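Structure, as structure tokens:
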Amino acid sequence: TNPTTCGGSNGTITLGVLNPNTVYSVSYLRNGSSVGPVNISTNGAGNLIITGLNQANYSSITLTLNGCTSSPVLGPIALSDPAIPSAPTGVTANPNPICSGNTLTLSAAGSNLSWTYPDGPTASGSPVTRNNVTTAMAGVYSVTQTVALCVSPPATVNVTINQTPSIVSAIGSDPTTCGGSNGSITLSGLVPSSLYQVSYTRNTVSQGPFAFSTNGSGQLTITGLNAGTYAALTVSINGCTSAPFAGPVILSDPSNPSAPTNVTATPNPVCTGG
């Protein structure tokens with residue numbers, strides 16, 4: 001009988017039609033290497049059971065009793081581990097792609113599931129989660145199932161993790177004319193030379209999204225702004241949106257000039273027709 005687990009040693013070979021309740025000296029070859037002699041007793045039915053066997057080819061089995069040795073049972077008798085299970089099914093990563101800072105959930109169908117992550121850690125079961133993911137956690141996730149100590153081939157899923165943008169600062173530049181729209185707000189801390197979608201509120205009214213590109217220093221300038229209170233600024237790239245930069249950033253028109261001076265009328269009073 002075969003072992004019931006991979007790497008197990010509960011396989012057996014039963015030899016029959018022997019003297020009941022008798023101790024025999026047993027020898028055999030295991031994958032060509034000699035084992036024994038070992039003393040094993042038959043049961044009341046005259047069967048002798050060699051126990052504690054693992055996966056191998058067994059041959060040249062002999063029994064010795066009272067100094068007399070049997071002819072060998074040449075065999076071979078092949079004992080095998082259980083079949084290797086198939087790879088897990090239904091392997092998913094959700095959401096995928098995912099933005100950094102969020103929670104990744106991995107799922108699969110199978111028994112005694114074991115996960116290996118691209119950055120080193122492992123986990124078991126389904127579903128499993130990874131909190132506050134970073135871009136270093138992106139890559140191929142593999143999962144195996146284990147049945148009767150037999151480990152399946154892996155199933156895999158490739159996870160893409162995009163960096164969630166972060167606005168470090170927001171600096172305003174006022175319009176240069178009253179009622180003008182050449183004011184601007186410059187955001188910093190972004191990826192250089194990249195296209196972002198920008199949204200914000202102006203005087204509590206939502207604006208955008210508008211497309212703006214960063215310069216080589218990672219600064220993005222929102223142009224075409226007039227006087228107002230700007231808040232809740234966000235930028236989005238690769239489906240990932242920054243936390244709002246609360247602000248507010250207040251843009252103001254130039255100060256109103258003072259009234260004209262030295263205003264005169266000459267002569268005053270004046271005669272009609274003069």
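Ligands are numbered from 1 in the order shown, chains are lettered A, B, ... in the order of the structure tokens, and residues start at 1 in each chain.
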Leaving out region 65-80 of chain A and any residue of its chain fewer than 5 positions from it, which residues lie within 10 Å of it when counting only C-alpha atoms, given as a short mmCIF file (atom, residue, chain, number, x, y, z; two decimals) with all heavy atoms, in the first residue's frame?
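Generated file (result.cif):
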```
data_model
loop_
_atom_site.label_atom_id
_atom_site.label_comp_id
_atom_site.auth_asym_id
_atom_site.auth_seq_id
_atom_site.Cartn_x
_atom_site.Cartn_y
_atom_site.Cartn_z
N THR A 1 0.85 -1.18 0.00
CA THR A 1 0.00 0.00 0.00
C THR A 1 0.89 1.23 0.00
O THR A 1 1.91 1.28 0.69
CB THR A 1 -0.92 0.02 1.22
OG1 THR A 1 -0.13 0.06 2.42
CG2 THR A 1 -1.83 -1.20 1.25
N ASN A 2 0.47 2.26 -0.76
CA ASN A 2 1.27 3.46 -0.91
C ASN A 2 1.22 4.33 0.35
O ASN A 2 0.24 4.31 1.11
CB ASN A 2 0.77 4.28 -2.09
CG ASN A 2 1.02 3.58 -3.42
OD1 ASN A 2 2.09 3.04 -3.64
ND2 ASN A 2 0.02 3.61 -4.30
N PRO A 3 2.25 5.16 0.55
CA PRO A 3 2.16 6.19 1.60
C PRO A 3 0.97 7.09 1.31
O PRO A 3 0.60 7.32 0.16
CB PRO A 3 3.48 6.94 1.48
CG PRO A 3 4.39 6.02 0.73
CD PRO A 3 3.54 5.21 -0.18
N THR A 4 0.37 7.62 2.37
CA THR A 4 -0.83 8.46 2.19
C THR A 4 -0.50 9.94 2.09
O THR A 4 -1.39 10.75 1.82
CB THR A 4 -1.81 8.24 3.35
OG1 THR A 4 -1.14 8.53 4.58
CG2 THR A 4 -2.32 6.81 3.38
N THR A 5 0.77 10.30 2.30
CA THR A 5 1.20 11.68 2.19
C THR A 5 2.51 11.76 1.42
O THR A 5 3.29 10.79 1.39
CB THR A 5 1.40 12.33 3.57
OG1 THR A 5 2.42 11.62 4.28
CG2 THR A 5 0.11 12.33 4.37
N CYS A 6 2.75 12.91 0.79
CA CYS A 6 4.04 13.10 0.13
C CYS A 6 5.13 13.16 1.19
O CYS A 6 5.04 13.89 2.18
CB CYS A 6 4.03 14.40 -0.68
SG CYS A 6 3.08 14.29 -2.21
N GLY A 7 6.19 12.35 0.95
CA GLY A 7 7.27 12.29 1.93
C GLY A 7 6.94 11.45 3.14
O GLY A 7 7.75 11.37 4.07
N GLY A 8 5.75 10.84 3.15
CA GLY A 8 5.33 10.04 4.29
C GLY A 8 6.01 8.67 4.33
O GLY A 8 6.59 8.22 3.34
N GLY A 11 3.75 3.69 4.18
CA GLY A 11 3.51 2.66 3.18
C GLY A 11 3.83 1.28 3.74
O GLY A 11 4.56 1.14 4.73
N THR A 12 3.27 0.23 3.13
CA THR A 12 3.49 -1.14 3.61
C THR A 12 3.63 -2.11 2.44
O THR A 12 3.20 -1.82 1.32
CB THR A 12 2.32 -1.63 4.49
OG1 THR A 12 1.12 -1.71 3.68
CG2 THR A 12 2.08 -0.70 5.67
N ILE A 13 4.25 -3.26 2.74
CA ILE A 13 4.25 -4.41 1.82
C ILE A 13 3.82 -5.62 2.66
O ILE A 13 4.39 -5.87 3.73
CB ILE A 13 5.62 -4.64 1.19
CG1 ILE A 13 5.99 -3.48 0.28
CG2 ILE A 13 5.63 -5.96 0.41
CD1 ILE A 13 7.40 -3.57 -0.28
N LEU A 15 3.31 -9.68 2.94
CA LEU A 15 3.69 -11.00 2.44
C LEU A 15 2.77 -12.03 3.07
O LEU A 15 2.55 -12.02 4.29
CB LEU A 15 5.14 -11.32 2.80
CG LEU A 15 6.18 -10.26 2.41
CD1 LEU A 15 7.56 -10.65 2.92
CD2 LEU A 15 6.20 -10.06 0.90
N ASN A 19 3.77 -18.88 8.26
CA ASN A 19 3.35 -19.46 9.53
C ASN A 19 2.72 -18.39 10.41
O ASN A 19 3.31 -17.32 10.58
CB ASN A 19 4.53 -20.09 10.27
CG ASN A 19 5.09 -21.29 9.54
OD1 ASN A 19 4.39 -21.96 8.78
ND2 ASN A 19 6.37 -21.58 9.77
N THR A 22 4.47 -15.91 13.92
CA THR A 22 5.86 -16.36 13.89
C THR A 22 6.75 -15.19 13.54
O THR A 22 6.41 -14.36 12.69
CB THR A 22 6.05 -17.49 12.85
OG1 THR A 22 5.15 -18.57 13.18
CG2 THR A 22 7.48 -17.99 12.83
N VAL A 23 7.94 -15.12 14.19
CA VAL A 23 8.88 -14.04 13.93
C VAL A 23 9.82 -14.47 12.80
O VAL A 23 10.49 -15.51 12.90
CB VAL A 23 9.69 -13.68 15.19
CG1 VAL A 23 10.73 -12.61 14.86
CG2 VAL A 23 8.76 -13.22 16.29
N TYR A 24 9.87 -13.65 11.74
CA TYR A 24 10.78 -13.88 10.61
C TYR A 24 11.82 -12.75 10.57
O TYR A 24 11.56 -11.61 11.01
CB TYR A 24 10.00 -13.88 9.30
CG TYR A 24 9.16 -15.10 9.05
CD1 TYR A 24 7.88 -15.21 9.62
CD2 TYR A 24 9.63 -16.13 8.24
CE1 TYR A 24 7.10 -16.33 9.38
CE2 TYR A 24 8.85 -17.25 7.99
CZ TYR A 24 7.59 -17.34 8.57
OH TYR A 24 6.83 -18.46 8.33
N SER A 25 12.95 -13.09 10.01
CA SER A 25 13.98 -12.08 9.72
C SER A 25 13.83 -11.68 8.26
O SER A 25 13.91 -12.52 7.37
CB SER A 25 15.37 -12.66 9.98
OG SER A 25 16.36 -11.69 9.69
N VAL A 26 13.59 -10.38 8.05
CA VAL A 26 13.23 -9.88 6.72
C VAL A 26 14.35 -8.99 6.17
O VAL A 26 14.86 -8.11 6.87
CB VAL A 26 11.92 -9.07 6.77
CG1 VAL A 26 11.52 -8.61 5.37
CG2 VAL A 26 10.81 -9.90 7.40
N SER A 27 14.71 -9.20 4.91
CA SER A 27 15.69 -8.35 4.21
C SER A 27 15.13 -8.00 2.84
O SER A 27 14.34 -8.75 2.26
CB SER A 27 17.04 -9.08 4.05
OG SER A 27 17.61 -9.37 5.30
N TYR A 28 15.57 -6.84 2.31
CA TYR A 28 15.10 -6.42 0.98
C TYR A 28 16.00 -5.30 0.47
O TYR A 28 16.88 -4.79 1.19
CB TYR A 28 13.64 -5.97 1.02
CG TYR A 28 13.33 -4.90 2.04
CD1 TYR A 28 13.45 -3.55 1.75
CD2 TYR A 28 12.90 -5.25 3.32
CE1 TYR A 28 13.17 -2.56 2.68
CE2 TYR A 28 12.61 -4.28 4.27
CZ TYR A 28 12.74 -2.94 3.94
OH TYR A 28 12.45 -1.99 4.87
N LEU A 29 15.79 -4.97 -0.79
CA LEU A 29 16.47 -3.83 -1.40
C LEU A 29 15.48 -2.67 -1.54
O LEU A 29 14.33 -2.88 -1.96
CB LEU A 29 17.03 -4.20 -2.78
CG LEU A 29 18.09 -5.29 -2.84
CD1 LEU A 29 18.53 -5.52 -4.29
CD2 LEU A 29 19.29 -4.95 -1.98
N ARG A 30 15.95 -1.49 -1.20
CA ARG A 30 15.16 -0.28 -1.41
C ARG A 30 15.94 0.60 -2.39
O ARG A 30 17.03 1.08 -2.08
CB ARG A 30 14.92 0.48 -0.11
CG ARG A 30 14.13 1.76 -0.29
CD ARG A 30 14.04 2.58 0.97
NE ARG A 30 13.29 3.81 0.73
CZ ARG A 30 13.81 4.93 0.21
NH1 ARG A 30 15.09 4.97 -0.13
NH2 ARG A 30 13.05 6.00 0.00
N ASN A 31 15.38 0.76 -3.59
CA ASN A 31 16.08 1.50 -4.66
C ASN A 31 17.51 0.99 -4.82
O ASN A 31 18.45 1.75 -5.01
CB ASN A 31 16.08 3.00 -4.37
CG ASN A 31 14.70 3.62 -4.50
OD1 ASN A 31 13.82 3.07 -5.16
ND2 ASN A 31 14.51 4.76 -3.85
N LEU A 53 7.29 2.28 5.37
CA LEU A 53 7.93 2.42 4.06
C LEU A 53 7.51 3.73 3.39
O LEU A 53 6.36 4.15 3.47
CB LEU A 53 7.55 1.24 3.16
CG LEU A 53 7.87 -0.15 3.72
CD1 LEU A 53 7.46 -1.22 2.72
CD2 LEU A 53 9.34 -0.27 4.10
N ASN A 54 8.46 4.35 2.70
CA ASN A 54 8.17 5.55 1.93
C ASN A 54 8.26 5.25 0.44
O ASN A 54 8.46 4.10 0.04
CB ASN A 54 9.07 6.72 2.32
CG ASN A 54 10.54 6.34 2.31
OD1 ASN A 54 10.92 5.32 1.73
ND2 ASN A 54 11.38 7.13 2.96
N GLN A 55 8.10 6.28 -0.37
CA GLN A 55 8.10 6.09 -1.82
C GLN A 55 9.42 5.52 -2.28
O GLN A 55 10.49 6.10 -2.04
CB GLN A 55 7.83 7.43 -2.51
CG GLN A 55 7.94 7.38 -4.03
CD GLN A 55 7.58 8.69 -4.68
OE1 GLN A 55 6.41 8.97 -4.89
NE2 GLN A 55 8.58 9.50 -4.99
N ALA A 56 9.38 4.39 -2.99
CA ALA A 56 10.61 3.75 -3.50
C ALA A 56 10.23 2.49 -4.26
O ALA A 56 9.07 2.05 -4.24
CB ALA A 56 11.56 3.43 -2.35
N ASN A 57 11.25 1.87 -4.87
CA ASN A 57 11.11 0.55 -5.48
C ASN A 57 11.74 -0.48 -4.54
O ASN A 57 12.91 -0.37 -4.16
CB ASN A 57 11.81 0.50 -6.83
CG ASN A 57 11.06 1.29 -7.90
OD1 ASN A 57 9.83 1.28 -7.92
ND2 ASN A 57 11.79 1.97 -8.76
N TYR A 58 10.94 -1.49 -4.16
CA TYR A 58 11.38 -2.52 -3.23
C TYR A 58 11.49 -3.84 -3.99
O TYR A 58 10.59 -4.22 -4.75
CB TYR A 58 10.39 -2.65 -2.07
CG TYR A 58 10.32 -1.38 -1.24
CD1 TYR A 58 9.48 -0.32 -1.60
CD2 TYR A 58 11.11 -1.23 -0.12
CE1 TYR A 58 9.43 0.84 -0.86
CE2 TYR A 58 11.08 -0.06 0.64
CZ TYR A 58 10.24 0.97 0.26
OH TYR A 58 10.19 2.12 1.00
N SER A 59 12.59 -4.54 -3.78
CA SER A 59 12.82 -5.79 -4.52
C SER A 59 13.67 -6.75 -3.68
O SER A 59 14.14 -6.40 -2.59
CB SER A 59 13.52 -5.49 -5.86
OG SER A 59 14.78 -4.87 -5.64
N SER A 60 13.83 -7.97 -4.20
CA SER A 60 14.67 -9.01 -3.58
C SER A 60 14.32 -9.20 -2.10
O SER A 60 15.19 -9.22 -1.22
CB SER A 60 16.14 -8.67 -3.74
OG SER A 60 16.51 -8.63 -5.10
#
```
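Contact shell of Asn112 (chain A) at 8 Å (only C-alpha atoms; same-chain neighbours under 2 positions omitted): Gly110, Ser114, Ser124, Gly125, Gln145, Thr146 and Val147 of chain A.
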query: Which of these residues is nearest to Thr122 (chain A), using only C-alpha atoms: A:Thr144, A:Thr62, A:Thr160, A:Thr42?
result: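 When distances to Thr122 (chain A) are compared using only C-alpha atoms, the smallest one comes from A:Thr144.
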### Task
Check the smallest atom-to-atom distance from each of A:Val91, A:Val168, A:Val205, A:Ile50 to Ala109 (chain A) using only C-alpha atoms, then report the winner.
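For Ala109 (chain A), the nearest of the candidates is A:Val91.
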Find, counting only C-alpha atoms, the residue in A:Asn10, A:Ser206, A:Ser255, A:Thr135 that gets nearest to Asp174 (chain A).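 The answer is A:Ser255, which sits nearest to Asp174 (chain A).
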Within region 83-175 of chain A, find each residue whose DSSP state, derived from the backbone, is strand (DSSP E), and express the selection as a count of residues only.
-> 45
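The smallest atom-to-atom distance between Thr186 (chain A) and any of A:Leu149, A:Ile222, A:Ile161, A:Ala155, using only C-alpha atoms, is found for A:Ile222.
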Shortest contact to Pro121 (chain A), candidates A:Ala231, A:Ala108, A:Leu225, A:Ser142, atoms counted only C-alpha atoms, goes to A:Ser142
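CA of Ala246 (chain A) lies 10.2 Å from CA of Ile167 (chain A).
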### Message
Give me, as a list in words, all polymer residues having an atom no more than 7 Å from Pro85 (chain A), counting only C-alpha atoms and skipping those fewer than 2 positions away in the same chain.
### Response
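The residues that qualify are Ala83, Ala87, Val147, Cys150, Val151 and Ser152 of chain A.
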Just want the 8 Å neighbourhood of Pro254 (chain A), counted on only C-alpha atoms, with same-chain residues fewer than 6 positions away dropped. Output as a list in words.
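Contacts, with the query itself left out: Asp174, Pro175, Thr176, Thr177 and Cys178 of chain A.
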If you keep N, CA, C and O atoms, can you produce a file of those selected residues as a compact mmCIF listing (two decimals), in the first residue's frame?
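Here's the written file part01.txt:
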```txt
# COMPACT_ATOMS: atom_id res chain seq x y z
N ASP A 174 -0.46 86.37 -7.47
CA ASP A 174 -1.67 87.16 -7.72
C ASP A 174 -1.76 87.63 -9.16
O ASP A 174 -0.74 87.81 -9.85
N PRO A 175 -3.01 87.86 -9.65
CA PRO A 175 -3.18 88.52 -10.95
C PRO A 175 -2.52 89.90 -10.92
O PRO A 175 -2.45 90.54 -9.87
N THR A 176 -2.05 90.34 -12.07
CA THR A 176 -1.36 91.63 -12.13
C THR A 176 -2.28 92.79 -12.46
O THR A 176 -1.87 93.94 -12.42
N THR A 177 -3.54 92.49 -12.79
CA THR A 177 -4.52 93.55 -13.09
C THR A 177 -5.82 93.24 -12.38
O THR A 177 -6.15 92.06 -12.14
N CYS A 178 -6.57 94.28 -12.05
CA CYS A 178 -7.89 94.07 -11.47
C CYS A 178 -8.80 93.39 -12.50
O CYS A 178 -8.89 93.83 -13.65
```
Taken to one decimal, the CA of Leu251 (chain A)-CA of Tyr230 (chain A) distance is 7.8 Å
Worksheet entry | A:Ala227, A:Val263, A:Ala232, A:Ala243 ranked by distance to Gln207 (chain A), top pick (using only C-alpha atoms) |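 Nearest candidate to Gln207 (chain A) out of A:Ala227, A:Val263, A:Ala232, A:Ala243: A:Ala232.
Neighbours of Thr234 (chain A) closer than or equal to 8 Å, with only C-alpha atoms counted and sequence neighbours fewer than 2 positions away skipped, come out as Ile167, Val198, Ser199, Tyr200, Ala232, Ser236, Thr241, Ser242, Ala243, Pro244 and Phe245 of chain A.
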Excluding region 214-218 of chain A and its own-chain neighbours fewer than 4 positions away, which residues fall within 6 Å of it when counting only C-alpha atoms? Please give them as number ranges by chain. A: 189-194
So that I have them on file, write out the residues from the current selection with C-alpha atoms, as a PDB file, in the first residue's frame.
```pdb
ATOM      1  CA  GLY A 189       6.682  67.582  -4.886  1.00  0.00           C
ATOM      2  CA  LEU A 190       5.420  65.839  -8.025  1.00  0.00           C
ATOM      3  CA  VAL A 191       7.060  63.625 -10.652  1.00  0.00           C
ATOM      4  CA  PRO A 192       9.051  65.705 -13.151  1.00  0.00           C
ATOM      5  CA  SER A 193       7.844  66.063 -16.733  1.00  0.00           C
ATOM      6  CA  SER A 194       4.532  64.265 -16.140  1.00  0.00           C
TER       7      SER A 194
END
```
